[in-house]
>>> print(open('upload30.cif').read())   # mmCIF, C-alpha atoms and all ligand atoms
data_final
#
loop_
_atom_site.label_atom_id
_atom_site.label_comp_id
_atom_site.auth_asym_id
_atom_site.auth_seq_id
_atom_site.Cartn_x
_atom_site.Cartn_y
_atom_site.Cartn_z
CA MET A 442 177.57 102.05 267.70
CA ARG A 443 176.32 99.28 269.99
CA VAL A 444 178.47 98.51 273.01
CA GLN A 445 179.18 94.92 273.87
CA ALA A 446 178.94 94.33 277.60
CA ASN A 447 182.39 93.65 279.01
CA LEU A 448 181.60 93.68 282.66
CA GLY A 449 185.01 92.49 283.86
CA ASP A 450 185.80 91.53 287.42
CA TRP A 451 184.13 94.29 289.40
CA THR A 452 180.70 95.40 290.55
CA LEU A 453 179.04 98.75 291.21
CA ASP A 454 180.08 98.37 294.86
CA ASN A 455 183.71 98.01 293.88
CA VAL A 456 184.58 100.35 291.02
CA PRO A 457 188.30 100.50 290.09
CA LEU A 458 188.63 104.30 290.03
CA GLU A 459 192.42 103.98 290.19
CA ARG A 460 192.35 102.70 286.61
CA VAL A 461 190.84 105.95 285.28
CA ASN A 462 193.19 108.18 283.31
CA CYS A 463 192.05 111.39 285.01
CA ALA A 464 194.40 113.65 283.02
CA ALA A 465 192.85 112.48 279.76
CA MET A 466 189.35 113.11 281.13
CA GLN A 467 189.96 116.74 282.08
CA SER A 468 189.19 117.90 278.56
CA ARG A 469 185.90 115.94 278.40
CA LEU A 470 183.54 118.70 279.46
CA ASP A 471 180.60 116.78 277.96
CA LEU A 472 181.23 113.80 280.24
CA PHE A 473 181.71 116.12 283.23
CA TYR A 474 178.17 117.43 282.74
CA LEU A 475 176.56 114.13 281.76
CA VAL A 476 178.00 112.18 284.72
CA ASN A 477 177.34 114.84 287.35
CA ALA A 478 173.77 115.53 286.15
CA ALA A 479 172.98 111.78 286.09
CA SER A 480 174.34 111.39 289.64
CA PHE A 481 171.93 114.10 290.89
CA VAL A 482 168.82 112.53 289.42
CA GLU A 483 169.77 109.02 290.59
CA ILE A 484 170.52 110.01 294.19
CA ALA A 485 167.30 112.02 294.35
CA ALA A 486 165.38 108.73 293.79
CA GLU A 487 164.77 108.75 297.53
CA LEU A 488 162.29 111.61 297.03
CA TYR A 489 160.04 110.01 294.50
CA THR A 490 160.38 106.52 295.99
CA GLN A 491 158.50 107.80 299.03
CA ASN A 492 155.71 109.05 296.79
CA LEU A 493 155.50 105.76 294.93
CA VAL A 494 155.62 103.65 298.11
CA SER A 495 152.70 105.69 299.50
CA TYR A 496 150.80 105.29 296.25
CA PHE A 497 151.24 101.50 296.35
CA SER A 498 150.97 101.12 300.13
CA ALA A 499 148.09 98.64 299.79
CA ASP A 500 150.26 96.38 297.60
CA ALA A 501 152.87 94.68 299.77
CA GLU A 502 154.72 93.12 296.83
CA ILE A 503 155.29 96.40 294.97
CA SER A 504 155.91 98.63 297.97
CA SER A 505 158.48 96.24 299.46
CA TRP A 506 160.26 95.87 296.09
CA LEU A 507 160.34 99.67 295.68
CA ARG A 508 161.69 100.19 299.17
CA ASP A 509 164.09 97.23 299.48
CA GLN A 510 165.50 96.90 295.98
CA TRP A 511 164.61 99.62 293.52
CA GLN A 512 165.38 102.63 295.71
CA HIS A 513 168.58 101.00 296.92
CA GLU A 514 169.74 100.38 293.33
CA GLU A 515 168.85 103.86 292.08
CA THR A 516 170.73 105.59 294.90
CA ARG A 517 173.66 103.22 294.36
CA HIS A 518 173.75 104.35 290.72
CA GLY A 519 173.94 107.92 291.99
CA ARG A 520 176.63 107.18 294.57
CA VAL A 521 178.83 105.41 292.00
CA LEU A 522 178.45 108.23 289.48
CA ARG A 523 179.19 110.78 292.22
CA ALA A 524 182.31 108.84 293.28
CA TYR A 525 183.48 108.76 289.66
CA ALA A 526 182.80 112.48 289.18
CA GLN A 527 184.53 113.49 292.40
CA HIS A 528 187.54 111.32 291.55
CA VAL A 529 187.93 112.74 288.06
CA TRP A 530 186.82 116.36 288.65
CA PRO A 531 187.66 116.99 292.35
CA ASP A 532 187.48 120.80 292.05
CA PHE A 533 183.74 120.74 291.33
CA ASP A 534 181.64 121.49 294.44
CA TRP A 535 179.28 118.53 294.01
CA ALA A 536 177.60 118.93 297.42
CA ARG A 537 176.64 122.55 296.83
CA ALA A 538 175.33 121.93 293.32
CA TYR A 539 173.33 118.89 294.49
CA SER A 540 171.84 120.78 297.41
CA GLU A 541 170.63 123.56 295.09
CA PHE A 542 169.32 120.98 292.60
CA LEU A 543 167.43 119.16 295.36
CA THR A 544 165.66 122.32 296.53
CA ASP A 545 164.48 122.94 292.99
CA TYR A 546 163.72 119.33 292.03
CA SER A 547 161.80 118.44 295.22
CA GLN A 548 159.08 120.89 294.19
CA GLN A 549 158.45 118.81 291.05
CA CYS A 550 158.22 115.47 292.93
CA THR A 551 154.77 115.47 294.50
CA VAL A 552 152.14 112.78 294.91
CA GLU A 553 149.91 114.94 292.70
CA ALA A 554 152.40 114.46 289.85
CA LEU A 555 151.62 110.72 289.79
CA GLU A 556 149.21 109.26 287.22
CA ALA A 557 145.48 108.99 288.08
CA THR A 558 145.54 105.20 288.49
CA GLN A 559 148.19 102.80 289.72
CA GLY A 560 148.20 100.90 286.43
CA LEU A 561 148.88 104.08 284.47
CA GLU A 562 151.59 105.10 286.93
CA LEU A 563 153.26 101.74 286.22
CA VAL A 564 153.09 102.57 282.50
CA ALA A 565 154.80 105.89 283.28
CA ARG A 566 157.48 104.07 285.30
CA CYS A 567 158.12 101.81 282.28
CA VAL A 568 158.72 104.95 280.19
CA VAL A 569 161.11 106.37 282.81
CA GLU A 570 163.11 103.12 282.95
CA THR A 571 163.16 103.06 279.13
CA GLY A 572 164.66 106.56 279.27
CA THR A 573 167.35 105.61 281.77
CA ALA A 574 168.25 102.28 280.13
CA THR A 575 168.67 103.95 276.74
CA TYR A 576 170.51 106.94 278.26
CA TYR A 577 173.14 104.68 279.83
CA GLU A 578 173.45 102.63 276.66
CA SER A 579 174.25 105.79 274.69
CA LEU A 580 176.55 107.09 277.46
CA ALA A 581 178.48 103.78 277.37
CA ALA A 582 178.87 104.10 273.60
CA HIS A 583 179.84 107.77 273.86
CA ALA A 584 182.36 107.44 276.70
CA ASP A 585 185.70 106.18 275.48
CA GLU A 586 186.96 105.66 279.03
CA PRO A 587 186.67 101.99 280.06
CA VAL A 588 185.71 102.43 283.73
CA LEU A 589 182.92 104.89 282.92
CA ARG A 590 181.77 102.63 280.11
CA GLY A 591 181.65 99.70 282.54
CA ILE A 592 179.65 101.75 285.07
CA ALA A 593 177.18 102.81 282.36
CA MET A 594 176.70 99.23 281.14
CA ARG A 595 176.09 97.91 284.66
CA ILE A 596 173.56 100.65 285.40
CA ARG A 597 171.88 99.97 282.05
CA ALA A 598 171.42 96.32 283.07
CA ASP A 599 169.79 97.40 286.37
CA GLU A 600 167.46 99.82 284.56
CA ILE A 601 166.31 97.11 282.17
CA ASN A 602 165.61 94.90 285.17
CA HIS A 603 163.58 97.72 286.77
CA TYR A 604 161.63 98.05 283.53
CA LYS A 605 160.82 94.33 283.63
CA HIS A 606 159.50 94.63 287.18
CA PHE A 607 157.35 97.66 286.42
CA TYR A 608 156.03 96.01 283.26
CA ARG A 609 155.10 92.84 285.14
CA TYR A 610 153.32 94.90 287.81
CA PHE A 611 151.52 96.88 285.09
CA ARG A 612 150.19 93.62 283.64
CA LYS A 613 148.85 92.71 287.07
CA TYR A 614 147.02 96.05 287.46
CA GLN A 615 145.82 96.03 283.88
CA GLN A 616 143.80 92.89 284.64
CA ARG A 617 141.66 94.87 287.06
CA GLU A 618 141.82 98.36 285.46
CA ASN A 619 141.46 97.17 281.87
CA GLN A 620 142.63 100.50 280.41
CA GLY A 621 142.12 101.07 276.71
CA ARG A 622 145.09 101.50 274.37
CA LEU A 623 144.37 105.17 273.82
CA THR A 624 144.47 105.84 277.58
CA ILE A 625 147.75 103.92 277.89
CA LEU A 626 149.17 105.76 274.89
CA ARG A 627 148.28 109.09 276.51
CA ALA A 628 150.09 108.06 279.71
CA ILE A 629 153.15 107.11 277.64
CA ALA A 630 153.03 110.43 275.76
CA ARG A 631 152.63 112.48 278.96
CA ARG A 632 155.75 110.92 280.46
CA VAL A 633 157.76 111.30 277.26
CA VAL A 634 156.88 115.01 277.14
CA GLU A 635 157.73 115.42 280.84
CA ALA A 636 161.07 113.67 280.34
CA ARG A 637 161.94 116.11 277.57
CA ASN A 638 161.38 119.07 279.89
CA GLY A 639 162.27 117.64 283.25
CA ASP A 640 164.87 115.99 285.41
CA ALA A 641 167.93 116.06 283.19
CA GLN A 642 167.63 119.73 282.30
CA CYS A 643 167.09 120.68 285.92
CA ALA A 644 170.21 118.73 286.96
CA LEU A 645 172.31 120.15 284.14
CA ARG A 646 171.25 123.69 285.02
CA HIS A 647 172.50 123.26 288.60
CA VAL A 648 175.77 121.63 287.53
CA ASP A 649 176.29 124.58 285.20
CA ALA A 650 175.37 127.18 287.82
CA VAL A 651 178.11 125.96 290.18
CA ARG A 652 180.74 125.30 287.54
CA ASP A 653 180.28 128.63 285.78
CA PRO A 654 179.19 131.67 287.82
CA GLY A 655 178.21 133.42 284.56
CA ALA A 656 175.71 130.67 283.67
CA ASN A 657 172.01 131.38 283.23
CA ALA A 658 168.94 129.54 281.95
CA GLU A 659 169.84 130.35 278.35
CA THR A 660 173.45 129.10 278.53
CA SER A 661 172.29 125.93 280.33
CA GLN A 662 169.67 125.29 277.65
CA LYS A 663 172.34 125.62 274.96
CA LEU A 664 174.51 123.11 276.81
CA TYR A 665 171.60 120.70 277.10
CA ILE A 666 170.98 120.87 273.35
CA GLN A 667 174.69 120.46 272.67
CA PHE A 668 175.02 117.36 274.88
CA ALA A 669 171.80 115.81 273.57
CA ALA A 670 173.31 116.26 270.11
CA SER A 671 176.56 114.59 271.17
CA LEU A 672 174.67 111.51 272.43
CA ARG A 673 172.17 111.22 269.60
CA HIS A 674 174.35 109.22 267.21
CA ASP A 675 174.68 106.51 269.85
CA TYR A 676 171.05 106.59 270.98
CA PRO A 677 169.27 103.21 270.59
CA PHE A 678 166.03 104.46 269.00
CA ASP A 679 164.70 101.01 268.17
CA MET A 680 165.17 99.79 271.73
CA ALA A 681 163.50 102.95 273.11
CA VAL A 682 160.42 102.67 270.91
CA LYS A 683 160.09 98.93 271.50
CA MET A 684 160.23 99.28 275.29
CA ALA A 685 158.01 102.38 275.48
CA LEU A 686 155.25 100.86 273.34
CA LYS A 687 155.24 97.43 274.97
CA PRO A 688 152.46 98.26 277.51
CA LEU A 689 150.11 98.87 274.55
CA GLY A 690 150.18 95.11 273.93
CA LEU A 691 149.83 95.57 270.18
CA PRO A 692 149.64 92.47 267.99
CA ALA A 693 153.09 91.66 266.54
CA ALA A 694 152.27 92.72 262.97
CA LEU A 695 150.72 96.03 264.04
CA ASN A 696 153.56 96.66 266.48
CA HIS A 697 156.04 96.35 263.62
CA ILE A 698 154.03 98.72 261.43
CA VAL A 699 153.78 101.34 264.21
CA ARG A 700 157.38 101.00 265.38
CA LEU A 701 159.21 101.63 262.15
CA PRO A 702 157.83 105.13 261.47
CA LEU A 703 158.33 106.09 265.13
CA VAL A 704 161.98 104.99 265.03
CA TRP A 705 162.39 106.83 261.73
CA ALA A 706 160.70 109.99 263.09
CA GLY A 707 162.69 109.89 266.34
CA THR A 708 165.93 109.45 264.46
CA ARG A 709 165.15 112.33 262.09
CA CYS A 710 163.97 114.55 264.91
CA LEU A 711 167.20 114.10 266.87
CA LEU A 712 169.66 113.84 264.00
CA ASN A 713 168.55 116.94 262.09
FE FE A 801 169.17 104.40 287.95
FE FE A 802 165.79 102.48 287.31
#
>>> encode(input="upload30.cif", output="structure tokens")
Amino acid sequence: MRVQANLGDWTLDNVPLERVNCAAMQSRLDLFYLVNAASFVEIAAELYTQNLVSYFSADAEISSWLRDQWQHEETRHGRVLRAYAQHVWPDFDWARAYSEFLTDYSQQCTVEALEATQGLELVARCVVETGTATYYESLAAHADEPVLRGIAMRIRADEINHYKHFYRYFRKYQQRENQGRLTILRAIARRVVEARNGDAQCALRHVDAVRDPGANAETSQKLYIQFAASLRHDYPFDMAVKMALKPLGLPAALNHIVRLPLVWAGTRCLLN
């Protein structure tokens, strides 16, 4: 199901939490996990922004955009999701779970984890923003609570805007790096594989560890699979493939030929 944007009369700085039917949300364990885990990864943007700013320190345009706009918007996403989660599920010890997540996650966010060239790192950032934009689109479709749906749609719009910035910067670097399509495709694939094993699972594991003292890596992995399954019917595969492949700059006809089987394979992979 595609969600039509109905952005109403509020912004991410002014979310009408009083309109949320908290009693009805208590039974939505899936949304409890999905919202809390997303808030962790978004707020932690501060960590990897520093790495990216250092990497692009010689480029005033990119480093100032990262510092002054992008980081600010990512942490705002996290703060809004945290406010929503704490309003709806006040018994959850968010601060403790986040602190434990941060200790774990900060070991993954190193300058060494960046791509070998700036242009390829911008390709990787396009893939990350594709992942977040499509995640929030599916969350908006999956959440039948209007305030959460509104939050997800607003964040989705920001993530698409981030993608456009990173893509434009990639084009600038590609003029001097002139990377071949195979090299770009490898950078895309590396980030897709990392995304499958990375941030979201780490966040979910720490949400689970605090919510359920009996949790372990195996139970958290089962939850992750269960929640991925609950989002898959609303996942915009076509949008994901289109955005992720765009840095390849394929001719329109070839792009169409490549896209269809990838959308089909992605849909089968997640729906079976
Ligand atoms: Fe974000
Ligand atoms: Fe983003």
>>> residues_near_ligand(input="upload30.cif", ligand="ligand FE 801 (chain A)", cutoff="6 Å", atoms="all atoms listed in the file", output="VMD selection string")
chain A and resid 483 515 518 600
>>> residues_near_ligand(input="upload30.cif", ligand="ligand FE 802 (chain A)", cutoff="8 Å", atoms="all atoms listed in the file", output="ChimeraX atom specification")
/A:511,514-515,569-570,573-574,599-604
>>> atom_distance(input="upload30.cif", atom1="CA of Ala656 (chain A)", atom2="CA of His528 (chain A)")
24.0 Å
>>> residues_around(input="upload30.cif", residues="Ala485 (chain A)", least_positions_apart="6", cutoff="10 Å", atoms="only C-alpha atoms", output="VMD selection string")
chain A and resid 512 515 to 516 519 539 542 to 543 546 to 547 550
>>> atom_distance(input="upload30.cif", atom1="CA of Leu493 (chain A)", atom2="CA of Gly639 (chain A)")
18.0 Å
>>> closest_residue(input="upload30.cif", among="A:Tyr576, A:Phe607, A:Tyr489, A:Trp530", to="Met466 (chain A)", atoms="all atoms listed in the file")
A:Trp530
>>> residues_around(input="upload30.cif", residues="Gln467 (chain A)", least_positions_apart="4", cutoff="9 Å", atoms="all atoms listed in the file", output="list of chain:residue names")
A:Cys463, A:Phe473, A:Val529, A:Trp530
>>> closest_residue(input="upload30.cif", among="A:Gly560, A:Ala693, A:Ala584, A:Asp532", to="Arg469 (chain A)", atoms="only C-alpha atoms")
A:Ala584
>>> closest_residue(input="upload30.cif", among="A:Val568, A:Ala582, A:Ile484, A:Leu472", to="His674 (chain A)", atoms="only C-alpha atoms")
A:Ala582
>>> decode(input="upload30.cif", residues="region 529-543 of chain A", atoms="N, CA and C atoms", output="short mmCIF file (atom, residue, chain, number, x, y, z; two decimals), in the first residue's frame")
data_model
loop_
_atom_site.label_atom_id
_atom_site.label_comp_id
_atom_site.auth_asym_id
_atom_site.auth_seq_id
_atom_site.Cartn_x
_atom_site.Cartn_y
_atom_site.Cartn_z
N VAL A 529 4.52 7.12 24.40
CA VAL A 529 3.62 5.97 24.23
C VAL A 529 4.01 4.80 25.15
N TRP A 530 5.34 4.61 25.33
CA TRP A 530 5.81 3.48 26.14
C TRP A 530 6.73 4.01 27.25
N PRO A 531 6.16 4.75 28.23
CA PRO A 531 6.99 5.45 29.22
C PRO A 531 7.75 4.51 30.16
N ASP A 532 7.34 3.24 30.27
CA ASP A 532 8.03 2.33 31.19
C ASP A 532 9.38 1.83 30.64
N PHE A 533 9.59 2.00 29.35
CA PHE A 533 10.84 1.51 28.74
C PHE A 533 11.99 2.46 29.10
N ASP A 534 13.10 1.89 29.59
CA ASP A 534 14.26 2.70 29.99
C ASP A 534 15.09 3.03 28.73
N TRP A 535 14.63 4.04 28.01
CA TRP A 535 15.25 4.42 26.73
C TRP A 535 16.71 4.79 26.94
N ALA A 536 16.99 5.60 27.97
CA ALA A 536 18.35 6.12 28.17
C ALA A 536 19.35 4.98 28.39
N ARG A 537 18.96 4.00 29.17
CA ARG A 537 19.87 2.87 29.44
C ARG A 537 20.11 2.06 28.16
N ALA A 538 19.03 1.77 27.45
CA ALA A 538 19.18 0.97 26.23
C ALA A 538 20.03 1.72 25.20
N TYR A 539 19.82 3.03 25.08
CA TYR A 539 20.59 3.82 24.10
C TYR A 539 22.06 3.85 24.48
N SER A 540 22.32 4.01 25.77
CA SER A 540 23.71 4.07 26.23
C SER A 540 24.44 2.76 25.88
N GLU A 541 23.78 1.64 26.10
CA GLU A 541 24.40 0.35 25.79
C GLU A 541 24.57 0.16 24.27
N PHE A 542 23.56 0.63 23.54
CA PHE A 542 23.65 0.58 22.07
C PHE A 542 24.84 1.40 21.58
N LEU A 543 24.99 2.60 22.15
CA LEU A 543 26.04 3.52 21.68
C LEU A 543 27.43 2.95 21.91
#
